[in-house]
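A.B. asks: This is input-v1.tsv (TSV, C-alpha atoms).
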```tsv
chain	number	residue	atom	x	y	z
A	182	MET	CA	-0.08	-21.57	-11.68
A	183	LYS	CA	0.09	-21.23	-7.88
A	184	LYS	CA	0.47	-17.44	-8.11
A	185	ARG	CA	-2.39	-17.22	-10.58
A	186	LEU	CA	-4.64	-19.24	-8.29
A	187	ILE	CA	-3.74	-16.97	-5.33
A	188	ASN	CA	-4.51	-13.86	-7.39
A	189	LEU	CA	-7.75	-15.45	-8.58
A	190	PHE	CA	-8.71	-16.26	-4.97
A	191	PHE	CA	-8.23	-12.66	-3.81
A	192	LEU	CA	-10.06	-11.35	-6.87
A	193	LEU	CA	-13.03	-13.58	-6.03
A	194	LEU	CA	-12.78	-12.49	-2.39
A	195	GLY	CA	-12.97	-8.85	-3.48
A	196	ILE	CA	-15.99	-9.57	-5.66
A	197	VAL	CA	-17.73	-11.39	-2.79
A	198	LEU	CA	-17.04	-8.52	-0.36
A	199	LEU	CA	-18.22	-6.00	-2.95
A	200	TRP	CA	-21.39	-8.02	-3.41
A	201	LEU	CA	-21.92	-8.14	0.37
A	202	ALA	CA	-21.44	-4.37	0.59
A	203	PHE	CA	-24.01	-3.71	-2.17
A	204	GLN	CA	-26.35	-6.56	-1.15
A	205	GLY	CA	-29.87	-5.29	-0.48
A	206	GLN	CA	-28.98	-1.77	-1.64
A	207	ASN	CA	-31.13	0.16	-4.07
A	208	LEU	CA	-28.76	1.08	-6.88
A	209	SER	CA	-31.01	3.93	-8.02
A	210	LEU	CA	-30.72	5.50	-4.55
A	211	ILE	CA	-26.93	5.15	-4.68
A	212	ILE	CA	-26.90	6.85	-8.10
A	213	GLU	CA	-29.02	9.67	-6.63
A	214	GLU	CA	-26.55	10.02	-3.75
A	215	LEU	CA	-23.63	10.12	-6.21
A	216	GLN	CA	-25.37	12.94	-8.06
A	217	LYS	CA	-25.63	14.94	-4.81
A	218	VAL	CA	-21.87	14.72	-4.14
A	219	ASP	CA	-20.07	18.07	-4.24
A	220	TYR	CA	-17.07	16.99	-6.32
A	221	ARG	CA	-15.33	20.35	-5.82
A	222	TRP	CA	-13.95	18.89	-2.60
A	223	GLY	CA	-12.05	16.52	-4.86
A	224	VAL	CA	-9.63	19.35	-5.69
A	225	LEU	CA	-8.48	19.49	-2.06
A	226	VAL	CA	-8.32	15.70	-1.95
A	227	LEU	CA	-6.19	15.72	-5.11
A	228	LEU	CA	-3.76	18.21	-3.55
A	229	ALA	CA	-3.52	16.07	-0.40
A	230	SER	CA	-2.95	12.95	-2.52
A	231	VAL	CA	-0.19	14.54	-4.61
A	232	GLY	CA	1.44	15.98	-1.49
A	233	GLY	CA	1.30	12.66	0.34
A	234	HIS	CA	2.76	10.69	-2.54
A	235	LEU	CA	5.47	13.30	-3.11
A	236	SER	CA	6.36	12.96	0.57
A	237	ARG	CA	6.47	9.18	0.14
A	238	ALA	CA	8.84	9.56	-2.83
A	239	LEU	CA	11.10	11.86	-0.78
A	240	ARG	CA	11.08	9.35	2.07
A	241	TRP	CA	11.99	6.48	-0.25
A	242	LYS	CA	14.79	8.58	-1.72
A	243	LEU	CA	16.25	8.97	1.79
A	244	LEU	CA	16.37	5.17	2.07
A	245	LEU	CA	18.03	4.82	-1.34
A	246	ILE	CA	20.86	7.29	-0.71
A	247	PRO	CA	22.99	4.90	1.44
A	248	LEU	CA	22.72	2.25	-1.29
A	249	GLN	CA	24.69	4.44	-3.70
A	250	LYS	CA	27.85	3.84	-1.65
A	251	GLU	CA	27.39	0.09	-1.98
A	252	SER	CA	26.80	0.36	-5.73
A	253	LYS	CA	29.75	2.72	-6.19
A	254	ASN	CA	32.07	0.32	-4.35
A	255	THR	CA	31.14	-2.55	-6.67
A	256	THR	CA	31.10	-0.66	-9.99
A	257	ASN	CA	33.83	1.96	-9.36
A	258	GLU	CA	31.60	4.48	-11.12
A	259	VAL	CA	30.87	8.05	-10.06
A	260	LEU	CA	27.14	8.17	-9.55
A	261	LYS	CA	24.89	11.20	-9.89
A	262	PRO	CA	22.59	12.14	-6.99
A	263	ILE	CA	19.41	10.08	-6.95
A	264	SER	CA	16.71	11.78	-9.02
A	265	LEU	CA	13.50	12.52	-7.13
A	266	TRP	CA	11.51	12.29	-10.34
A	267	ASN	CA	12.91	8.87	-11.20
A	268	VAL	CA	11.82	7.73	-7.75
A	269	TRP	CA	8.39	9.40	-8.11
A	270	TRP	CA	7.61	7.89	-11.53
A	271	ALA	CA	8.83	4.44	-10.46
A	272	MET	CA	6.63	4.59	-7.37
A	273	MET	CA	3.53	5.69	-9.29
A	274	PHE	CA	4.19	2.98	-11.88
A	275	GLY	CA	4.21	0.49	-9.01
A	276	TYR	CA	0.83	1.71	-7.79
A	277	LEU	CA	-0.59	1.22	-11.28
A	278	VAL	CA	0.71	-2.37	-11.44
A	279	ASN	CA	-0.69	-3.06	-7.96
A	280	LEU	CA	-4.20	-2.31	-9.22
A	281	GLY	CA	-3.96	-5.32	-11.52
A	282	ILE	CA	-1.71	-7.67	-9.54
A	283	PRO	CA	-1.32	-6.79	-5.85
A	284	ARG	CA	2.28	-6.66	-4.53
A	285	LEU	CA	3.78	-7.02	-8.03
A	286	GLY	CA	3.96	-3.24	-8.12
A	287	GLU	CA	6.56	-3.29	-5.34
A	288	VAL	CA	8.83	-5.39	-7.55
A	289	SER	CA	8.06	-3.26	-10.62
A	290	ARG	CA	9.08	0.01	-8.97
A	291	CYS	CA	12.25	-1.63	-7.66
A	292	VAL	CA	13.20	-2.68	-11.20
A	293	ALA	CA	12.50	0.83	-12.51
A	294	VAL	CA	14.66	2.53	-9.87
A	295	GLN	CA	17.39	-0.10	-10.10
A	296	ARG	CA	17.80	0.53	-13.83
A	297	SER	CA	17.49	4.32	-13.78
A	298	GLU	CA	19.73	4.82	-10.72
A	299	LYS	CA	22.09	1.85	-11.27
A	300	LEU	CA	21.52	0.26	-7.86
A	301	HIS	CA	21.37	-3.38	-6.79
A	302	PHE	CA	17.85	-4.74	-7.17
A	303	GLU	CA	17.98	-6.75	-3.94
A	304	SER	CA	18.99	-3.70	-1.90
A	305	VAL	CA	16.25	-1.57	-3.46
A	306	LEU	CA	13.75	-4.32	-2.65
A	307	GLY	CA	15.01	-4.24	0.93
A	308	THR	CA	14.16	-0.53	1.19
A	309	VAL	CA	10.61	-1.26	0.03
A	310	VAL	CA	10.32	-3.98	2.67
A	311	ALA	CA	11.62	-1.46	5.23
A	312	GLU	CA	9.02	1.08	4.05
A	313	ARG	CA	6.22	-1.42	4.39
A	314	ALA	CA	7.45	-2.45	7.84
A	315	ILE	CA	7.41	1.21	8.96
A	316	ASP	CA	3.91	1.73	7.55
A	317	LEU	CA	2.71	-1.45	9.25
A	318	CYS	CA	4.05	-0.15	12.57
A	319	CYS	CA	2.29	3.18	11.97
A	320	LEU	CA	-0.98	1.38	11.24
A	321	PHE	CA	-0.55	-0.71	14.40
A	322	LEU	CA	0.03	2.46	16.47
A	323	LEU	CA	-3.04	4.06	14.90
A	324	VAL	CA	-5.12	1.00	15.78
A	325	LEU	CA	-3.90	1.20	19.39
A	326	PHE	CA	-4.60	4.93	19.54
A	327	THR	CA	-8.08	4.39	18.10
A	328	PHE	CA	-8.77	1.71	20.71
A	329	PHE	CA	-7.88	4.12	23.51
A	330	TYR	CA	-9.52	7.17	21.95
A	331	GLN	CA	-12.68	5.42	20.67
A	332	TYR	CA	-12.73	2.18	22.61
A	333	GLU	CA	-16.43	1.31	22.32
A	334	ILE	CA	-16.57	1.93	18.58
A	335	ALA	CA	-13.30	0.19	17.78
A	336	ALA	CA	-13.95	-2.80	20.05
A	337	THR	CA	-17.39	-3.40	18.55
A	338	PHE	CA	-16.16	-3.05	14.98
A	339	PHE	CA	-13.11	-5.30	15.29
A	340	ARG	CA	-15.00	-7.90	17.30
A	341	GLU	CA	-17.89	-8.21	14.82
A	342	ASN	CA	-16.11	-7.76	11.48
A	343	ILE	CA	-12.55	-9.02	11.96
A	344	PHE	CA	-11.92	-11.05	15.12
A	345	ALA	CA	-15.11	-13.16	15.00
A	346	PRO	CA	-14.72	-14.31	11.34
A	347	PHE	CA	-10.99	-14.90	11.85
A	348	GLN	CA	-11.66	-16.89	15.02
A	349	GLN	CA	-14.21	-19.04	13.21
A	350	LEU	CA	-11.69	-19.72	10.43
A	351	LEU	CA	-8.96	-20.69	12.88
A	352	GLY	CA	-11.39	-22.77	14.94
A	353	ALA	CA	-12.22	-24.81	11.87
A	354	LYS	CA	-8.62	-25.10	10.66
A	355	LYS	CA	-6.31	-24.89	13.68
A	356	TRP	CA	-4.02	-27.49	12.12
A	357	MET	CA	-3.34	-25.08	9.24
A	358	LEU	CA	-2.16	-22.34	11.61
A	359	TYR	CA	0.08	-24.73	13.57
A	360	GLY	CA	1.42	-26.15	10.31
A	361	LEU	CA	2.38	-22.68	9.03
A	362	ILE	CA	4.18	-21.88	12.29
A	363	MET	CA	6.13	-25.15	12.19
A	364	LEU	CA	6.95	-24.64	8.50
A	365	GLY	CA	8.31	-21.16	9.26
A	366	ILE	CA	10.52	-22.47	12.08
A	367	LEU	CA	11.76	-25.31	9.87
A	368	GLY	CA	12.56	-22.84	7.06
A	369	LEU	CA	14.64	-20.65	9.39
A	370	LEU	CA	16.51	-23.73	10.65
A	371	VAL	CA	17.32	-24.90	7.11
A	372	LEU	CA	18.46	-21.38	6.17
A	373	TRP	CA	20.79	-21.28	9.19
A	374	LEU	CA	22.30	-24.69	8.30
A	375	LEU	CA	22.89	-23.77	4.64
A	376	TRP	CA	24.13	-20.21	5.19
A	377	LYS	CA	27.88	-21.03	5.04
A	378	LYS	CA	27.70	-23.48	2.11
A	379	ASN	CA	29.60	-22.39	-1.02
A	380	TRP	CA	26.84	-23.40	-3.41
A	381	PHE	CA	24.50	-21.22	-1.37
A	382	ALA	CA	26.54	-18.09	-2.21
A	383	ARG	CA	24.16	-16.47	-4.73
A	384	LEU	CA	21.10	-16.83	-2.50
A	385	ARG	CA	23.19	-15.65	0.46
A	386	GLN	CA	24.16	-12.56	-1.53
A	387	PHE	CA	20.51	-11.96	-2.43
A	388	ILE	CA	19.43	-12.16	1.23
A	389	THR	CA	22.37	-10.01	2.35
A	390	ARG	CA	21.44	-7.23	-0.06
A	391	ILE	CA	17.81	-7.31	1.06
A	392	LEU	CA	19.05	-6.95	4.64
A	393	ALA	CA	21.24	-4.04	3.48
A	394	GLY	CA	18.12	-2.34	2.19
A	395	LEU	CA	16.29	-3.06	5.43
A	396	ILE	CA	19.00	-1.51	7.59
A	397	SER	CA	19.40	1.46	5.24
A	398	ILE	CA	17.08	3.33	7.59
A	399	TYR	CA	19.85	3.15	10.20
A	400	HIS	CA	22.56	4.46	7.87
A	401	MET	CA	20.52	7.09	6.06
A	402	PRO	CA	21.10	10.79	6.73
A	403	HIS	CA	18.34	13.08	8.04
A	404	LYS	CA	16.44	10.55	10.17
A	405	TRP	CA	14.18	13.32	11.51
A	406	ARG	CA	13.29	14.19	7.94
A	407	PHE	CA	12.30	10.56	7.41
A	408	LEU	CA	9.99	10.69	10.44
A	409	ALA	CA	8.52	14.01	9.27
A	410	HIS	CA	7.71	12.53	5.85
A	411	THR	CA	6.12	9.51	7.53
A	412	PHE	CA	3.85	11.81	9.53
A	413	LEU	CA	2.96	13.83	6.41
A	414	ILE	CA	2.11	10.65	4.49
A	415	TRP	CA	-0.37	9.47	7.09
A	416	PHE	CA	-1.77	12.97	7.63
A	417	SER	CA	-2.44	13.19	3.88
A	418	TYR	CA	-4.25	9.84	4.06
A	419	PHE	CA	-6.42	11.28	6.84
A	420	LEU	CA	-7.26	14.39	4.76
A	421	MET	CA	-8.05	12.24	1.72
A	422	THR	CA	-10.79	10.62	3.80
A	423	TYR	CA	-11.88	13.55	6.00
A	424	TRP	CA	-12.41	16.11	3.22
A	425	TRP	CA	-14.79	13.81	1.36
A	426	PHE	CA	-17.15	13.98	4.38
A	427	PHE	CA	-18.07	17.54	3.40
A	428	ALA	CA	-18.93	16.50	-0.15
A	429	ILE	CA	-21.86	14.31	0.89
A	430	PRO	CA	-24.85	15.84	2.75
A	431	ALA	CA	-25.38	12.81	5.01
A	432	THR	CA	-21.76	12.82	6.27
A	433	GLN	CA	-21.07	16.55	6.58
A	434	HIS	CA	-21.54	16.46	10.35
A	435	LEU	CA	-18.85	13.80	10.85
A	436	GLY	CA	-15.72	15.17	12.49
A	437	PHE	CA	-12.14	14.28	13.38
A	438	GLN	CA	-13.23	11.19	15.33
A	439	ALA	CA	-14.92	9.61	12.31
A	440	GLY	CA	-12.04	10.59	10.03
A	441	LEU	CA	-9.49	8.88	12.28
A	442	PHE	CA	-11.64	5.77	12.60
A	443	LEU	CA	-12.19	5.47	8.84
A	444	LEU	CA	-8.47	6.04	8.23
A	445	VAL	CA	-7.73	2.93	10.30
A	446	VAL	CA	-10.59	0.87	8.86
A	447	GLY	CA	-9.85	1.92	5.28
A	448	SER	CA	-6.13	1.20	5.65
A	449	ILE	CA	-6.94	-2.32	6.82
A	450	GLY	CA	-9.25	-2.79	3.83
A	451	LYS	CA	-6.62	-1.55	1.37
A	452	SER	CA	-3.97	-3.78	2.97
A	453	VAL	CA	-5.82	-6.89	1.80
A	454	PRO	CA	-4.04	-8.03	-1.42
A	455	ILE	CA	-7.15	-7.72	-3.59
A	456	GLN	CA	-7.06	-6.35	-7.13
A	457	GLY	CA	-8.27	-2.79	-7.55
A	458	GLY	CA	-6.69	-1.44	-4.37
A	459	GLY	CA	-8.68	-3.46	-1.84
A	460	MET	CA	-11.85	-3.41	-3.95
A	461	GLY	CA	-14.76	-4.82	-1.98
A	462	ALA	CA	-12.88	-5.07	1.31
A	463	TYR	CA	-12.68	-1.27	1.54
A	464	HIS	CA	-16.37	-0.78	0.69
A	465	PHE	CA	-17.48	-3.50	3.09
A	466	LEU	CA	-15.42	-2.30	6.10
A	467	VAL	CA	-16.18	1.41	5.64
A	468	THR	CA	-19.92	0.76	5.30
A	469	LYS	CA	-19.94	-1.44	8.40
A	470	GLY	CA	-17.85	1.06	10.36
A	471	LEU	CA	-20.11	4.04	9.64
A	472	SER	CA	-23.19	2.08	10.73
A	473	LEU	CA	-21.91	1.92	14.33
A	474	PRO	CA	-22.87	4.45	17.00
A	475	PRO	CA	-22.17	7.34	17.38
A	476	PHE	CA	-21.97	7.70	13.56
A	477	LEU	CA	-25.17	5.79	12.63
A	478	ILE	CA	-24.89	6.58	8.92
A	479	ALA	CA	-27.38	4.70	6.77
A	480	ALA	CA	-26.02	2.06	4.45
A	481	THR	CA	-26.72	3.98	1.22
A	482	PRO	CA	-24.79	7.21	2.02
A	483	ALA	CA	-22.06	5.18	3.78
A	484	LEU	CA	-21.60	3.03	0.70
A	485	THR	CA	-21.68	6.15	-1.47
A	486	LEU	CA	-18.86	7.67	0.59
A	487	ALA	CA	-16.79	4.47	0.33
A	488	THR	CA	-17.39	4.34	-3.44
A	489	VAL	CA	-16.39	7.99	-3.97
A	490	ILE	CA	-13.20	7.69	-1.88
A	491	HIS	CA	-12.12	4.42	-3.49
A	492	LEU	CA	-13.05	5.48	-7.03
A	493	ALA	CA	-11.21	8.81	-6.72
A	494	GLN	CA	-8.06	7.03	-5.55
A	495	THR	CA	-8.32	4.44	-8.33
A	496	VAL	CA	-8.76	7.09	-11.04
A	497	PHE	CA	-5.75	8.97	-9.64
A	498	TYR	CA	-3.57	5.85	-9.87
A	499	LEU	CA	-4.84	5.04	-13.37
A	500	LEU	CA	-4.12	8.52	-14.73
A	501	VAL	CA	-0.85	9.32	-12.96
A	502	GLY	CA	0.27	5.68	-13.08
A	503	GLY	CA	-0.45	5.56	-16.81
A	504	ILE	CA	1.81	8.58	-17.37
A	505	ALA	CA	4.39	6.95	-15.09
A	506	ALA	CA	4.32	3.77	-17.19
A	507	ILE	CA	5.15	5.77	-20.33
A	508	VAL	CA	7.95	7.63	-18.54
A	509	VAL	CA	9.41	4.43	-17.04
A	510	LEU	CA	9.32	2.59	-20.39
A	511	TYR	CA	10.99	5.55	-22.12
A	512	LYS	CA	13.71	5.78	-19.47
A	513	ASN	CA	14.18	2.03	-19.60
A	514	ARG	CA	14.69	2.21	-23.36
A	515	GLU	CA	17.23	5.03	-22.97
A	516	VAL	CA	19.18	3.08	-20.33
A	517	MET	CA	19.28	-0.03	-22.50
A	518	LYS	CA	20.39	2.01	-25.52
A	519	ASN	CA	23.23	3.49	-23.49
A	520	ASN	CA	24.23	0.00	-22.45
A	521	GLY	CA	24.11	-1.25	-26.04
A	522	ASP	CA	21.14	-3.57	-25.39
A	523	SER	CA	18.14	-4.01	-27.64
A	524	PHE	CA	14.71	-2.95	-26.47
A	525	THR	CA	11.30	-3.92	-27.71
A	526	PHE	CA	7.83	-3.03	-26.47
A	527	LYS	CA	5.80	-6.12	-25.59
```
Could you write out this file's structure as structure tokens?
C.D. replies:
Amino acid sequence: MKKRLINLFFLLLGIVLLWLAFQGQNLSLIIEELQKVDYRWGVLVLLASVGGHLSRALRWKLLLIPLQKESKNTTNEVLKPISLWNVWWAMMFGYLVNLGIPRLGEVSRCVAVQRSEKLHFESVLGTVVAERAIDLCCLFLLVLFTFFYQYEIAATFFRENIFAPFQQLLGAKKWMLYGLIMLGILGLLVLWLLWKKNWFARLRQFITRILAGLISIYHMPHKWRFLAHTFLIWFSYFLMTYWWFFAIPATQHLGFQAGLFLLVVGSIGKSVPIQGGGMGAYHFLVTKGLSLPPFLIAATPALTLATVIHLAQTVFYLLVGGIAAIVVLYKNREVMKNNGDSFTFK
């Protein structure tokens, strides 16, 4: 019930932000703007999206390789090399699940890879946590770079749309922030006290395997390849935003500066655990960002751009993720048949 209430809260938050983004807008004008969009640019965006996600699958595979040694030591089984396509389909299946229930997709893709590649679930989950930590660091570095490169724009945007609302929330509920900090410290203390207890063994093993996945980045081969894939992933994200500028007459003059700024703003919007890939939050932040000088894009074309970018990404995840779901279910059935287990579609 608690998880359902949290998901319901973020869904309502997304709806509210979507309503704020479209508030006062003439829907007929937005429809006219959508009709003016040159959707041929979507072909380039599609290529960038496929390339970026393929690079993400290759990067995840690099993190999974060291886990095979751990699995081999515990099962005494000769394992085949990790299949890139198993990793790809599991990852795309996770993106599909995330559209409906944010963050559940991370668990879903871990289960898919764990079964197809015969790895420990906890360790696979640790690699996903490591991936997210790396991406969070990249986003943080991009925010810092944007502050230095476009200080006036970034400072105004973050002050008005992020820091001010957050400060008001904390000002009204400081006790909640202090309580969360104290609860976190207390949880770490309890974990430290219970770590050596025998009855704590299963949870200790679970945490240890997650840590093994986290430190897999240290043990993996080809670290420079990992960094190269990380760069390609974020560069593809930039192109997936930048190329749509040329599809809309009102944004064709926007250049690299606007593309970098919207990459940061859009990534923050999509990081909010709202159903539909940051639905509402993405539209709201992108529209607000483009209204600032030196961009000064009117609300209608700005909202049109946000809608086109977000809708294209959502359709991509629905189509490719739908195929991935079929592939993952089929592979899951084959694995269970080989293990002598029964399988039913539910």
A.B. asks: Nearest to Arg240 in chain A among A:Ser209, A:Thr411, A:Thr485, A:Thr432, with distances taken over all atoms listed in the file: which residue is it?
C.D. replies: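 The closest residue to Arg240 in chain A is A:Thr411.
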A.B. asks: Work out how far apart CA of Val309 in chain A and CA of Leu369 in chain A are and give it in Å to one decimal.
C.D. replies: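 Result for CA of Val309 in chain A versus CA of Leu369 in chain A: 21.9 Å, one decimal.
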A.B. asks: Work out how far apart CA of Phe427 in chain A and CA of Asn207 in chain A are and give it in Å to one decimal.
C.D. replies: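 CA of Asn207 in chain A lies 23.0 Å from CA of Phe427 in chain A.
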A.B. asks: Given the choices A:Leu210, A:His234, A:Leu300, A:Val288, which gets closest to Trp270 in chain A if the distance is worked out from only C-alpha atoms?
C.D. replies: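 Residue with the minimum atom-to-atom distance to Trp270 in chain A: A:His234.
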A.B. asks: Neighbouring residues of Trp222 in chain A were defined as those with any atom within 7 Å, considering only C-alpha atoms; residues of the same chain fewer than 5 positions away were excluded. Please report them as a PyMOL selection string.
C.D. replies: chain A and resi 424-425+428
A.B. asks: Using Å and a single decimal, report how far CA of Tyr423 in chain A sits from CA of Ala271 in chain A.
C.D. replies: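 That distance, rounded to one decimal, is 28.0 Å.
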A.B. asks: Name the closest residue to Val294 in chain A among the candidates A:Ser236, A:Asn513, A:Thr337, A:Thr468; distances are taken between atoms, counting only C-alpha atoms.
C.D. replies: A:Asn513
A.B. asks: Considering only C-alpha atoms, return as a ChimeraX atom specification whatever protein or nucleic-acid residues lie within 10 Å of Pro475 in chain A, sequence-local ones (same chain, fewer than 5 positions apart) excluded.
C.D. replies: /A:333-334,435,438-439
A.B. asks: Could the residues in this selection be written to a file with C-alpha atoms, as a PDB file, keeping the file's coordinate frame?
C.D. replies:
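Everything below was put into result.pdb:
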```
ATOM      1  CA  GLU A 333     -16.430   1.310  22.320  1.00  0.00           C
ATOM      2  CA  ILE A 334     -16.570   1.930  18.580  1.00  0.00           C
ATOM      3  CA  LEU A 435     -18.850  13.800  10.850  1.00  0.00           C
ATOM      4  CA  GLN A 438     -13.230  11.190  15.330  1.00  0.00           C
ATOM      5  CA  ALA A 439     -14.920   9.610  12.310  1.00  0.00           C
TER       6      ALA A 439
END
```
A.B. asks: I'd like the contact shell of range 314-331 of chain A - 8 Å cut-off, only C-alpha atoms, skipping same-chain residues fewer than 2 positions apart - returned as a list in words.
C.D. replies: Val310, Ala311, Glu312, Glu333, Ile334, Ala335, Ala336, Gln438, Leu441, Phe442, Val445 and Ser448 of chain A
